[in-house]
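Data from query_29.pdb: PDB, N, CA and C atoms and all ligand atoms
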ATOM      1  N   MET A   1       0.923 -12.705   6.046
ATOM      2  CA  MET A   1       0.159 -12.535   4.810
ATOM      3  C   MET A   1       1.118 -12.372   3.651
ATOM      4  N   THR A   2       0.989 -13.272   2.699
ATOM      5  CA  THR A   2       1.853 -13.153   1.536
ATOM      6  C   THR A   2       1.064 -12.548   0.383
ATOM      7  N   THR A   3       1.706 -11.709  -0.346
ATOM      8  CA  THR A   3       1.030 -11.112  -1.488
ATOM      9  C   THR A   3       1.452 -11.787  -2.780
ATOM     10  N   ASN A   4       2.412 -12.722  -2.666
ATOM     11  CA  ASN A   4       2.836 -13.443  -3.849
ATOM     12  C   ASN A   4       2.311 -14.869  -3.785
ATOM     13  N   ALA A   5       1.110 -15.035  -4.301
ATOM     14  CA  ALA A   5       0.495 -16.350  -4.256
ATOM     15  C   ALA A   5       1.231 -17.305  -5.186
ATOM     16  N   LEU A   6       1.343 -18.557  -4.740
ATOM     17  CA  LEU A   6       1.956 -19.575  -5.574
ATOM     18  C   LEU A   6       0.845 -20.427  -6.173
ATOM     19  N   ILE A   7       1.017 -20.698  -7.443
ATOM     20  CA  ILE A   7       0.034 -21.492  -8.170
ATOM     21  C   ILE A   7       0.686 -22.801  -8.573
ATOM     22  N   SER A   8      -0.039 -23.855  -8.385
ATOM     23  CA  SER A   8       0.470 -25.163  -8.760
ATOM     24  C   SER A   8       0.156 -25.408 -10.233
ATOM     25  N   VAL A   9       1.214 -25.570 -11.027
ATOM     26  CA  VAL A   9       1.054 -25.789 -12.460
ATOM     27  C   VAL A   9       1.506 -27.209 -12.784
ATOM     28  N   ALA A  10       0.662 -27.938 -13.477
ATOM     29  CA  ALA A  10       1.023 -29.307 -13.840
ATOM     30  C   ALA A  10       1.768 -29.317 -15.167
ATOM     31  N   CYS A  11       2.923 -29.956 -15.162
ATOM     32  CA  CYS A  11       3.699 -30.065 -16.388
ATOM     33  C   CYS A  11       2.950 -30.978 -17.356
ATOM     34  N   PRO A  12       2.700 -30.513 -18.594
ATOM     35  CA  PRO A  12       1.948 -31.349 -19.561
ATOM     36  C   PRO A  12       2.758 -32.554 -20.055
ATOM     37  N   HIS A  13       4.076 -32.554 -19.788
ATOM     38  CA  HIS A  13       4.908 -33.664 -20.261
ATOM     39  C   HIS A  13       4.980 -34.796 -19.242
ATOM     40  N   CYS A  14       5.226 -34.421 -17.976
ATOM     41  CA  CYS A  14       5.422 -35.479 -16.975
ATOM     42  C   CYS A  14       4.430 -35.378 -15.822
ATOM     43  N   ASN A  15       3.583 -34.372 -15.883
ATOM     44  CA  ASN A  15       2.544 -34.198 -14.876
ATOM     45  C   ASN A  15       3.058 -33.750 -13.499
ATOM     46  N   ALA A  16       4.318 -33.393 -13.428
ATOM     47  CA  ALA A  16       4.863 -32.908 -12.163
ATOM     48  C   ALA A  16       4.202 -31.585 -11.812
ATOM     49  N   GLU A  17       4.030 -31.354 -10.515
ATOM     50  CA  GLU A  17       3.417 -30.104 -10.061
ATOM     51  C   GLU A  17       4.533 -29.098  -9.769
ATOM     52  N   ILE A  18       4.438 -27.981 -10.436
ATOM     53  CA  ILE A  18       5.441 -26.931 -10.260
ATOM     54  C   ILE A  18       4.776 -25.756  -9.578
ATOM     55  N   LEU A  19       5.423 -25.202  -8.564
ATOM     56  CA  LEU A  19       4.868 -24.012  -7.923
ATOM     57  C   LEU A  19       5.439 -22.791  -8.615
ATOM     58  N   GLN A  20       4.528 -22.005  -9.115
ATOM     59  CA  GLN A  20       4.923 -20.825  -9.877
ATOM     60  C   GLN A  20       4.223 -19.608  -9.289
ATOM     61  N   ARG A  21       4.900 -18.496  -9.271
ATOM     62  CA  ARG A  21       4.251 -17.282  -8.764
ATOM     63  C   ARG A  21       3.085 -16.891  -9.675
ATOM     64  N   ALA A  22       1.990 -16.502  -9.034
ATOM     65  CA  ALA A  22       0.760 -16.207  -9.779
ATOM     66  C   ALA A  22       0.981 -15.197 -10.892
ATOM     67  N   LYS A  23       1.854 -14.222 -10.635
ATOM     68  CA  LYS A  23       2.032 -13.183 -11.655
ATOM     69  C   LYS A  23       2.730 -13.693 -12.914
ATOM     70  N   LEU A  24       3.353 -14.882 -12.795
ATOM     71  CA  LEU A  24       4.019 -15.442 -13.970
ATOM     72  C   LEU A  24       3.138 -16.418 -14.735
ATOM     73  N   VAL A  25       2.040 -16.777 -14.100
ATOM     74  CA  VAL A  25       1.153 -17.750 -14.736
ATOM     75  C   VAL A  25       0.106 -17.013 -15.572
ATOM     76  N   ARG A  26       0.442 -16.798 -16.818
ATOM     77  CA  ARG A  26      -0.444 -16.092 -17.733
ATOM     78  C   ARG A  26      -0.563 -16.879 -19.025
ATOM     79  N   ALA A  27      -1.705 -16.743 -19.662
ATOM     80  CA  ALA A  27      -1.924 -17.433 -20.937
ATOM     81  C   ALA A  27      -0.849 -17.019 -21.924
ATOM     82  N   GLY A  28      -0.257 -17.998 -22.595
ATOM     83  CA  GLY A  28       0.787 -17.708 -23.560
ATOM     84  C   GLY A  28       2.160 -17.630 -22.931
ATOM     85  N   GLY A  29       2.202 -17.647 -21.587
ATOM     86  CA  GLY A  29       3.477 -17.631 -20.882
ATOM     87  C   GLY A  29       4.110 -19.008 -20.901
ATOM     88  N   GLN A  30       5.271 -19.098 -20.289
ATOM     89  CA  GLN A  30       5.954 -20.381 -20.269
ATOM     90  C   GLN A  30       6.370 -20.732 -18.848
ATOM     91  N   ALA A  31       6.591 -22.001 -18.625
ATOM     92  CA  ALA A  31       7.089 -22.457 -17.338
ATOM     93  C   ALA A  31       8.131 -23.538 -17.570
ATOM     94  N   TRP A  32       9.030 -23.641 -16.616
ATOM     95  CA  TRP A  32      10.107 -24.627 -16.730
ATOM     96  C   TRP A  32       9.831 -25.765 -15.765
ATOM     97  N   CYS A  33       9.863 -26.964 -16.291
ATOM     98  CA  CYS A  33       9.691 -28.128 -15.428
ATOM     99  C   CYS A  33      11.065 -28.697 -15.090
ATOM    100  N   PRO A  34      11.440 -28.646 -13.808
ATOM    101  CA  PRO A  34      12.750 -29.165 -13.421
ATOM    102  C   PRO A  34      12.781 -30.698 -13.430
ATOM    103  N   ASP A  35      11.630 -31.315 -13.391
ATOM    104  CA  ASP A  35      11.575 -32.779 -13.372
ATOM    105  C   ASP A  35      11.986 -33.388 -14.706
ATOM    106  N   CYS A  36      11.330 -32.929 -15.777
ATOM    107  CA  CYS A  36      11.666 -33.488 -17.092
ATOM    108  C   CYS A  36      12.486 -32.496 -17.905
ATOM    109  N   GLU A  37      12.900 -31.430 -17.224
ATOM    110  CA  GLU A  37      13.742 -30.412 -17.849
ATOM    111  C   GLU A  37      13.221 -29.960 -19.194
ATOM    112  N   SER A  38      11.986 -29.515 -19.187
ATOM    113  CA  SER A  38      11.459 -28.976 -20.434
ATOM    114  C   SER A  38      10.695 -27.694 -20.174
ATOM    115  N   LEU A  39      10.724 -26.880 -21.185
ATOM    116  CA  LEU A  39      10.001 -25.625 -21.132
ATOM    117  C   LEU A  39       8.644 -25.889 -21.772
ATOM    118  N   PHE A  40       7.601 -25.513 -21.102
ATOM    119  CA  PHE A  40       6.289 -25.731 -21.710
ATOM    120  C   PHE A  40       5.473 -24.460 -21.680
ATOM    121  N   GLU A  41       4.553 -24.405 -22.614
ATOM    122  CA  GLU A  41       3.720 -23.225 -22.751
ATOM    123  C   GLU A  41       2.477 -23.345 -21.872
ATOM    124  N   LEU A  42       2.072 -22.214 -21.309
ATOM    125  CA  LEU A  42       0.846 -22.201 -20.514
ATOM    126  C   LEU A  42      -0.304 -21.988 -21.492
ATOM    127  N   ASP A  43      -0.684 -23.072 -22.084
ATOM    128  CA  ASP A  43      -1.646 -23.045 -23.180
ATOM    129  C   ASP A  43      -3.081 -23.121 -22.665
ATOM    130  N   PRO A  44      -3.851 -22.049 -22.873
ATOM    131  CA  PRO A  44      -5.233 -22.067 -22.383
ATOM    132  C   PRO A  44      -6.120 -23.021 -23.170
ATOM    133  N   GLY A  45      -5.576 -23.603 -24.227
ATOM    134  CA  GLY A  45      -6.326 -24.576 -25.011
ATOM    135  C   GLY A  45      -6.434 -25.908 -24.289
ATOM    136  N   ILE A  46      -5.556 -26.117 -23.315
ATOM    137  CA  ILE A  46      -5.606 -27.363 -22.538
ATOM    138  C   ILE A  46      -6.510 -27.132 -21.322
ATOM    139  N   GLU A  47      -7.458 -28.016 -21.149
ATOM    140  CA  GLU A  47      -8.458 -27.893 -20.092
ATOM    141  C   GLU A  47      -7.833 -27.655 -18.704
ATOM    142  N   ALA A  48      -6.882 -28.505 -18.316
ATOM    143  CA  ALA A  48      -6.260 -28.402 -16.991
ATOM    144  C   ALA A  48      -5.517 -27.069 -16.850
ATOM    145  N   MET A  49      -4.872 -26.659 -17.937
ATOM    146  CA  MET A  49      -4.115 -25.412 -17.916
ATOM    147  C   MET A  49      -5.045 -24.211 -17.801
ATOM    148  N   ARG A  50      -6.209 -24.336 -18.422
ATOM    149  CA  ARG A  50      -7.181 -23.253 -18.363
ATOM    150  C   ARG A  50      -7.621 -23.014 -16.913
ATOM    151  N   ARG A  51      -7.809 -24.118 -16.184
ATOM    152  CA  ARG A  51      -8.176 -24.002 -14.771
ATOM    153  C   ARG A  51      -7.062 -23.329 -13.985
ATOM    154  N   THR A  52      -5.833 -23.764 -14.257
ATOM    155  CA  THR A  52      -4.667 -23.195 -13.581
ATOM    156  C   THR A  52      -4.561 -21.702 -13.857
ATOM    157  N   LEU A  53      -4.782 -21.339 -15.126
ATOM    158  CA  LEU A  53      -4.687 -19.931 -15.510
ATOM    159  C   LEU A  53      -5.749 -19.089 -14.819
ATOM    160  N   SER A  54      -6.946 -19.630 -14.690
ATOM    161  CA  SER A  54      -8.003 -18.842 -14.038
ATOM    162  C   SER A  54      -7.745 -18.760 -12.533
ATOM    163  N   GLU A  55      -7.116 -19.798 -11.990
ATOM    164  CA  GLU A  55      -6.719 -19.778 -10.579
ATOM    165  C   GLU A  55      -5.701 -18.655 -10.343
ATOM    166  N   ALA A  56      -4.752 -18.553 -11.253
ATOM    167  CA  ALA A  56      -3.719 -17.527 -11.163
ATOM    168  C   ALA A  56      -4.324 -16.128 -11.295
ATOM    169  N   ARG A  57      -5.309 -16.036 -12.197
ATOM    170  CA  ARG A  57      -5.970 -14.760 -12.406
ATOM    171  C   ARG A  57      -6.703 -14.334 -11.128
ATOM    172  N   ALA A  58      -7.370 -15.301 -10.497
ATOM    173  CA  ALA A  58      -8.092 -15.022  -9.252
ATOM    174  C   ALA A  58      -7.114 -14.602  -8.158
ATOM    175  N   ALA A  59      -5.963 -15.257  -8.112
ATOM    176  CA  ALA A  59      -4.951 -14.933  -7.096
ATOM    177  C   ALA A  59      -4.423 -13.522  -7.302
ATOM    178  N   ARG A  60      -4.224 -13.160  -8.565
ATOM    179  CA  ARG A  60      -3.750 -11.807  -8.865
ATOM    180  C   ARG A  60      -4.798 -10.770  -8.489
ATOM    181  N   ARG A  61      -6.068 -11.127  -8.746
ATOM    182  CA  ARG A  61      -7.161 -10.214  -8.413
ATOM    183  C   ARG A  61      -7.229 -10.010  -6.891
ATOM    184  N   ASP A  62      -7.108 -11.114  -6.155
ATOM    185  CA  ASP A  62      -7.111 -11.056  -4.683
ATOM    186  C   ASP A  62      -5.991 -10.160  -4.177
ATOM    187  N   ARG A  63      -4.830 -10.350  -4.763
ATOM    188  CA  ARG A  63      -3.657  -9.591  -4.349
ATOM    189  C   ARG A  63      -3.881  -8.095  -4.577
ATOM    190  N   LYS A  64      -4.431  -7.789  -5.746
ATOM    191  CA  LYS A  64      -4.708  -6.402  -6.110
ATOM    192  C   LYS A  64      -5.705  -5.796  -5.118
ATOM    193  N   GLN A  65      -6.720  -6.606  -4.811
ATOM    194  CA  GLN A  65      -7.766  -6.184  -3.874
ATOM    195  C   GLN A  65      -7.155  -5.876  -2.500
ATOM    196  N   ARG A  66      -6.273  -6.783  -2.038
ATOM    197  CA  ARG A  66      -5.640  -6.580  -0.732
ATOM    198  C   ARG A  66      -4.796  -5.318  -0.718
ATOM    199  N   ILE A  67      -4.059  -5.107  -1.814
ATOM    200  CA  ILE A  67      -3.201  -3.930  -1.909
ATOM    201  C   ILE A  67      -4.055  -2.659  -1.892
ATOM    202  N   THR A  68      -5.167  -2.703  -2.622
ATOM    203  CA  THR A  68      -6.061  -1.549  -2.650
ATOM    204  C   THR A  68      -6.587  -1.253  -1.254
ATOM    205  N   GLU A  69      -6.964  -2.320  -0.527
ATOM    206  CA  GLU A  69      -7.469  -2.148   0.837
ATOM    207  C   GLU A  69      -6.411  -1.563   1.756
ATOM    208  N   MET A  70      -5.186  -2.120   1.629
ATOM    209  CA  MET A  70      -4.083  -1.633   2.463
ATOM    210  C   MET A  70      -3.819  -0.155   2.198
ATOM    211  N   ARG A  71      -3.816   0.166   0.923
ATOM    212  CA  ARG A  71      -3.541   1.549   0.530
ATOM    213  C   ARG A  71      -4.608   2.487   1.098
ATOM    214  N   ALA A  72      -5.854   2.029   1.035
ATOM    215  CA  ALA A  72      -6.961   2.843   1.538
ATOM    216  C   ALA A  72      -6.800   3.086   3.036
ATOM    217  N   ARG A  73      -6.328   2.040   3.749
ATOM    218  CA  ARG A  73      -6.151   2.180   5.189
ATOM    219  C   ARG A  73      -5.003   3.145   5.506
ATOM    220  N   TRP A  74      -3.923   3.011   4.722
ATOM    221  CA  TRP A  74      -2.752   3.845   4.980
ATOM    222  C   TRP A  74      -2.991   5.308   4.660
ATOM    223  N   SER A  75      -3.883   5.537   3.703
ATOM    224  CA  SER A  75      -4.054   6.921   3.273
ATOM    225  C   SER A  75      -5.193   7.611   4.015
ATOM    226  N   ASP A  76      -5.613   7.023   5.164
ATOM    227  CA  ASP A  76      -6.608   7.697   5.988
ATOM    228  C   ASP A  76      -6.118   9.105   6.282
ATOM    229  N   PRO A  77      -6.951  10.088   5.994
ATOM    230  CA  PRO A  77      -6.465  11.456   6.196
ATOM    231  C   PRO A  77      -6.145  11.739   7.667
ATOM    232  N   VAL A  78      -4.953  12.181   7.908
ATOM    233  CA  VAL A  78      -4.543  12.568   9.254
ATOM    234  C   VAL A  78      -4.854  14.049   9.390
ATOM    235  N   PRO A  79      -5.772  14.384  10.308
ATOM    236  CA  PRO A  79      -6.120  15.804  10.415
ATOM    237  C   PRO A  79      -4.924  16.645  10.845
ATOM    238  N   ALA A  80      -4.643  17.633  10.063
ATOM    239  CA  ALA A  80      -3.511  18.507  10.372
ATOM    240  C   ALA A  80      -3.916  19.450  11.501
ATOM    241  N   PRO A  81      -3.016  19.683  12.454
ATOM    242  CA  PRO A  81      -3.353  20.593  13.540
ATOM    243  C   PRO A  81      -3.611  21.985  12.998
ATOM    244  N   PRO A  82      -4.654  22.644  13.488
ATOM    245  CA  PRO A  82      -4.983  23.975  12.962
ATOM    246  C   PRO A  82      -3.967  25.015  13.446
ATOM    247  N   THR A  83      -2.951  25.139  12.682
ATOM    248  CA  THR A  83      -1.916  26.112  13.058
ATOM    249  C   THR A  83      -1.874  27.221  12.026
ATOM    250  N   ARG A  84      -1.453  28.356  12.445
ATOM    251  CA  ARG A  84      -1.155  29.396  11.470
ATOM    252  C   ARG A  84       0.144  30.044  11.940
ATOM    253  N   PRO A  85       0.919  30.463  11.007
ATOM    254  CA  PRO A  85       2.199  31.035  11.416
ATOM    255  C   PRO A  85       1.993  32.256  12.317
ATOM    256  N   MET A  86       2.853  32.373  13.301
ATOM    257  CA  MET A  86       2.754  33.521  14.199
ATOM    258  C   MET A  86       3.359  34.732  13.492
ATOM    259  N   LEU A  87       2.588  35.783  13.457
ATOM    260  CA  LEU A  87       3.055  36.978  12.758
ATOM    261  C   LEU A  87       3.690  37.946  13.758
ATOM    262  N   MET A  88       4.527  38.791  13.251
ATOM    263  CA  MET A  88       5.180  39.787  14.105
ATOM    264  C   MET A  88       4.125  40.687  14.769
ATOM    265  N   SER A  89       3.035  40.952  14.047
ATOM    266  CA  SER A  89       1.979  41.794  14.623
ATOM    267  C   SER A  89       1.344  41.114  15.837
ATOM    268  N   ASP A  90       1.228  39.758  15.789
ATOM    269  CA  ASP A  90       0.712  39.006  16.932
ATOM    270  C   ASP A  90       1.643  39.167  18.129
ATOM    271  N   VAL A  91       2.934  39.064  17.849
ATOM    272  CA  VAL A  91       3.928  39.164  18.919
ATOM    273  C   VAL A  91       3.848  40.553  19.567
ATOM    274  N   LEU A  92       3.759  41.572  18.722
ATOM    275  CA  LEU A  92       3.713  42.949  19.233
ATOM    276  C   LEU A  92       2.442  43.208  20.038
ATOM    277  N   ARG A  93       1.298  42.637  19.582
ATOM    278  CA  ARG A  93       0.051  42.826  20.296
ATOM    279  C   ARG A  93       0.129  42.181  21.678
ATOM    280  N   THR A  94       0.722  40.951  21.704
ATOM    281  CA  THR A  94       0.891  40.256  22.976
ATOM    282  C   THR A  94       1.771  41.066  23.916
ATOM    283  N   LEU A  95       2.804  41.634  23.345
ATOM    284  CA  LEU A  95       3.739  42.450  24.132
ATOM    285  C   LEU A  95       3.047  43.706  24.671
ATOM    286  N   ASP A  96       2.238  44.346  23.827
ATOM    287  CA  ASP A  96       1.457  45.519  24.219
ATOM    288  C   ASP A  96       0.542  45.187  25.390
ATOM    289  N   ASP A  97      -0.164  44.041  25.270
ATOM    290  CA  ASP A  97      -1.067  43.586  26.323
ATOM    291  C   ASP A  97      -0.305  43.435  27.634
ATOM    292  N   LEU A  98       0.859  42.820  27.547
ATOM    293  CA  LEU A  98       1.680  42.561  28.724
ATOM    294  C   LEU A  98       2.119  43.868  29.382
ATOM    295  N   LEU A  99       2.569  44.794  28.545
ATOM    296  CA  LEU A  99       3.031  46.083  29.067
ATOM    297  C   LEU A  99       1.873  46.850  29.709
ATOM    298  N   ALA A 100       0.691  46.787  29.053
ATOM    299  CA  ALA A 100      -0.489  47.463  29.587
ATOM    300  C   ALA A 100      -0.838  46.893  30.958
ATOM    301  N   ARG A 101      -0.747  45.562  31.095
ATOM    302  CA  ARG A 101      -1.073  44.935  32.362
ATOM    303  C   ARG A 101      -0.063  45.325  33.454
ATOM    304  N   MET A 102       1.215  45.404  33.033
ATOM    305  CA  MET A 102       2.257  45.796  33.985
ATOM    306  C   MET A 102       2.039  47.231  34.463
ATOM    307  N   ASP A 103       1.621  48.082  33.505
ATOM    308  CA  ASP A 103       1.312  49.477  33.844
ATOM    309  C   ASP A 103       0.208  49.535  34.895
ATOM    310  N   THR A 104      -0.856  48.785  34.645
ATOM    311  CA  THR A 104      -1.993  48.746  35.545
ATOM    312  C   THR A 104      -1.549  48.293  36.933
ATOM    313  N   LEU A 105      -0.728  47.260  36.968
ATOM    314  CA  LEU A 105      -0.252  46.711  38.238
ATOM    315  C   LEU A 105       0.591  47.738  39.008
ATOM    316  N   SER A 106       1.515  48.383  38.306
ATOM    317  CA  SER A 106       2.397  49.336  38.978
ATOM    318  C   SER A 106       1.622  50.585  39.449
ATOM    319  N   GLN A 107       0.576  50.940  38.643
ATOM    320  CA  GLN A 107      -0.273  52.065  39.043
ATOM    321  C   GLN A 107      -1.017  51.731  40.325
ATOM    322  N   ARG A 108      -1.486  50.459  40.382
ATOM    323  CA  ARG A 108      -2.221  50.021  41.565
ATOM    324  C   ARG A 108      -1.327  50.031  42.808
ATOM    325  N   GLU A 109      -0.081  49.587  42.580
ATOM    326  CA  GLU A 109       0.890  49.522  43.683
ATOM    327  C   GLU A 109       1.158  50.941  44.223
ATOM    328  N   ARG A 110       1.297  51.871  43.256
ATOM    329  CA  ARG A 110       1.578  53.265  43.641
ATOM    330  C   ARG A 110       0.348  53.907  44.291
ATOM    331  N   GLY A 111      -0.810  53.561  43.671
ATOM    332  CA  GLY A 111      -2.061  54.170  44.108
ATOM    333  C   GLY A 111      -2.401  53.710  45.506
TER
HETATM  334 ZN    ZN A 201       7.775 -32.127 -16.597
END
Mind converting the file's structure to structure tokens?
Amino acid sequence: MTTNALISVACPHCNAEILQRAKLVRAGGQAWCPDCESLFELDPGIEAMRRTLSEARAARRDRKQRITEMRARWSDPVPAPPTRPMLMSDVLRTLDDLLARMDTLSQRERG
């Protein structure tokens, strides 16, 4: 999957088809034709260019849409494990429990 769509732009001088990245194809922008070596304007006043420009706009919109979707998928909330820091009082209580149980056991052994 490519996110950099290429748009075919026709050179108004020699009609050569130039592949240009969609993000560069904007009204008022320019493109270089390597065939006739001329710089030409992406003039929305020209019918064919207007179609090309709207094609580029659609490609940019698609790209944005895909990125938004990807981002939404990546940012799925990962449930954090329910942890809480162990406190010294917890440790001491556990230790107390253990000692109490040992007492009970040794009393039983003696008894
Ligand atoms: Zn040309």
Original post:
Which residues, written as a ChimeraX atom specification, have at least one atom at most 9 Å from Ala16 of chain A, with only C-alpha atoms counted and residues fewer than 6 positions away on the same chain left out?
Top reply: /A:9-10,33-36
Original post:
Do you have the atom C of Gln20 of chain A-atom C of Ile7 of chain A distance handy?
Top reply: 4.8 Å
Original post:
For Cys11 of chain A, which of A:Ser106, A:Ala80, A:Ala31, A:Glu55 is the closest residue, counting only N, CA and C atoms?
Top reply: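 Closest to Cys11 of chain A, using only N, CA and C atoms: A:Ala31.
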Subject >> Residue set, chain A restricted to strand (DSSP E), as a PyMOL selection string >> reply: chain A and resi 6-10+17-21+30-33+38-41
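Relative to atom N of Met86 of chain A, atom C of Thr104 of chain A is found at 28.8 Å.
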**OP:** Based on DSSP run over this structure's backbone, return all residues of chain A in alpha helix (DSSP H), as a count of residues only.
**Re:** 51
**OP:** Work out how far apart atom N of Asp43 of chain A and atom CA of Leu24 of chain A are and give it in Å to one decimal.
**Re:**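 Computing it gives 12.1 Å between the two atoms.
Once only C-alpha atoms are considered, the residues situated within 9 Å of the file point (-4.9, -13.6, -19.1) turn out to be A:Val25, A:Arg26, A:Ala27, A:Gly28, A:Leu53, A:Ser54, A:Ala56, A:Arg57.
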Selection to disk with N, CA and C atoms, as an mmCIF file, in the frame of the given file:
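Dumped to part37.cif:
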data_model
loop_
_atom_site.group_PDB
_atom_site.id
_atom_site.type_symbol
_atom_site.label_atom_id
_atom_site.label_comp_id
_atom_site.auth_asym_id
_atom_site.auth_seq_id
_atom_site.Cartn_x
_atom_site.Cartn_y
_atom_site.Cartn_z
ATOM 1 N N VAL A 25 2.040 -16.777 -14.100
ATOM 2 C CA VAL A 25 1.153 -17.750 -14.736
ATOM 3 C C VAL A 25 0.106 -17.013 -15.572
ATOM 4 N N ARG A 26 0.442 -16.798 -16.818
ATOM 5 C CA ARG A 26 -0.444 -16.092 -17.733
ATOM 6 C C ARG A 26 -0.563 -16.879 -19.025
ATOM 7 N N ALA A 27 -1.705 -16.743 -19.662
ATOM 8 C CA ALA A 27 -1.924 -17.433 -20.937
ATOM 9 C C ALA A 27 -0.849 -17.019 -21.924
ATOM 10 N N GLY A 28 -0.257 -17.998 -22.595
ATOM 11 C CA GLY A 28 0.787 -17.708 -23.560
ATOM 12 C C GLY A 28 2.160 -17.630 -22.931
ATOM 13 N N LEU A 53 -4.782 -21.339 -15.126
ATOM 14 C CA LEU A 53 -4.687 -19.931 -15.510
ATOM 15 C C LEU A 53 -5.749 -19.089 -14.819
ATOM 16 N N SER A 54 -6.946 -19.630 -14.690
ATOM 17 C CA SER A 54 -8.003 -18.842 -14.038
ATOM 18 C C SER A 54 -7.745 -18.760 -12.533
ATOM 19 N N ALA A 56 -4.752 -18.553 -11.253
ATOM 20 C CA ALA A 56 -3.719 -17.527 -11.163
ATOM 21 C C ALA A 56 -4.324 -16.128 -11.295
ATOM 22 N N ARG A 57 -5.309 -16.036 -12.197
ATOM 23 C CA ARG A 57 -5.970 -14.760 -12.406
ATOM 24 C C ARG A 57 -6.703 -14.334 -11.128
#
**OP:** Choose the residue, out of A:Arg21, A:Asp90, A:Gly29, A:Arg63, that has the smallest atom-to-atom separation from Pro44 of chain A; count all atoms listed in the file.
**Re:**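 For Pro44 of chain A, the nearest of the given residues is A:Gly29.
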Could you write out as JSON the box around segment 24-38 of chain A (axis-aligned, all atoms listed in the file, 5 Å on each side), with centre and edge lengths in Å to one decimal?
{"center_x": 5.9, "center_y": -24.2, "center_z": -18.2, "size_x": 25.7, "size_y": 28.6, "size_z": 20.8}
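Across A:Leu87, A:Ala59, A:Met49, A:Val78, the tightest approach to Ala22 of chain A is made by A:Ala59 when counting only N, CA and C atoms.
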Original post:
Hey, which of A:Trp74, A:Ala5, A:Asn15, A:Arg101 ends up closest to ligand ZN 201 (chain A)? Count only N, CA and C atoms and all ligand atoms.
Top reply: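 Checking each of A:Trp74, A:Ala5, A:Asn15, A:Arg101 against ligand ZN 201 (chain A), counting only N, CA and C atoms and all ligand atoms, the winner is A:Asn15.
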Take segment 37-48 of chain A, bring it up to N, CA, C and O atoms, and give me the output as a JSON list (two decimals), in the frame of the given file.
[["chain", "number", "residue", "atom", "x", "y", "z"],
["A", 37, "GLU", "N", 12.90, -31.43, -17.22],
["A", 37, "GLU", "CA", 13.74, -30.41, -17.85],
["A", 37, "GLU", "C", 13.22, -29.96, -19.19],
["A", 37, "GLU", "O", 13.93, -30.02, -20.20],
["A", 38, "SER", "N", 11.99, -29.52, -19.19],
["A", 38, "SER", "CA", 11.46, -28.98, -20.43],
["A", 38, "SER", "C", 10.70, -27.69, -20.17],
["A", 38, "SER", "O", 10.16, -27.48, -19.09],
["A", 39, "LEU", "N", 10.72, -26.88, -21.18],
["A", 39, "LEU", "CA", 10.00, -25.62, -21.13],
["A", 39, "LEU", "C", 8.64, -25.89, -21.77],
["A", 39, "LEU", "O", 8.58, -26.48, -22.85],
["A", 40, "PHE", "N", 7.60, -25.51, -21.10],
["A", 40, "PHE", "CA", 6.29, -25.73, -21.71],
["A", 40, "PHE", "C", 5.47, -24.46, -21.68],
["A", 40, "PHE", "O", 5.70, -23.57, -20.86],
["A", 41, "GLU", "N", 4.55, -24.40, -22.61],
["A", 41, "GLU", "CA", 3.72, -23.22, -22.75],
["A", 41, "GLU", "C", 2.48, -23.34, -21.87],
["A", 41, "GLU", "O", 1.94, -24.44, -21.69],
["A", 42, "LEU", "N", 2.07, -22.21, -21.31],
["A", 42, "LEU", "CA", 0.85, -22.20, -20.51],
["A", 42, "LEU", "C", -0.30, -21.99, -21.49],
["A", 42, "LEU", "O", -0.75, -20.88, -21.72],
["A", 43, "ASP", "N", -0.68, -23.07, -22.08],
["A", 43, "ASP", "CA", -1.65, -23.04, -23.18],
["A", 43, "ASP", "C", -3.08, -23.12, -22.66],
["A", 43, "ASP", "O", -3.51, -24.16, -22.14],
["A", 44, "PRO", "N", -3.85, -22.05, -22.87],
["A", 44, "PRO", "CA", -5.23, -22.07, -22.38],
["A", 44, "PRO", "C", -6.12, -23.02, -23.17],
["A", 44, "PRO", "O", -7.27, -23.24, -22.81],
["A", 45, "GLY", "N", -5.58, -23.60, -24.23],
["A", 45, "GLY", "CA", -6.33, -24.58, -25.01],
["A", 45, "GLY", "C", -6.43, -25.91, -24.29],
["A", 45, "GLY", "O", -7.28, -26.74, -24.61],
["A", 46, "ILE", "N", -5.56, -26.12, -23.32],
["A", 46, "ILE", "CA", -5.61, -27.36, -22.54],
["A", 46, "ILE", "C", -6.51, -27.13, -21.32],
["A", 46, "ILE", "O", -6.33, -26.15, -20.59],
["A", 47, "GLU", "N", -7.46, -28.02, -21.15],
["A", 47, "GLU", "CA", -8.46, -27.89, -20.09],
["A", 47, "GLU", "C", -7.83, -27.66, -18.70],
["A", 47, "GLU", "O", -8.18, -26.69, -18.01],
["A", 48, "ALA", "N", -6.88, -28.50, -18.32],
["A", 48, "ALA", "CA", -6.26, -28.40, -16.99],
["A", 48, "ALA", "C", -5.52, -27.07, -16.85],
["A", 48, "ALA", "O", -5.54, -26.44, -15.79]]
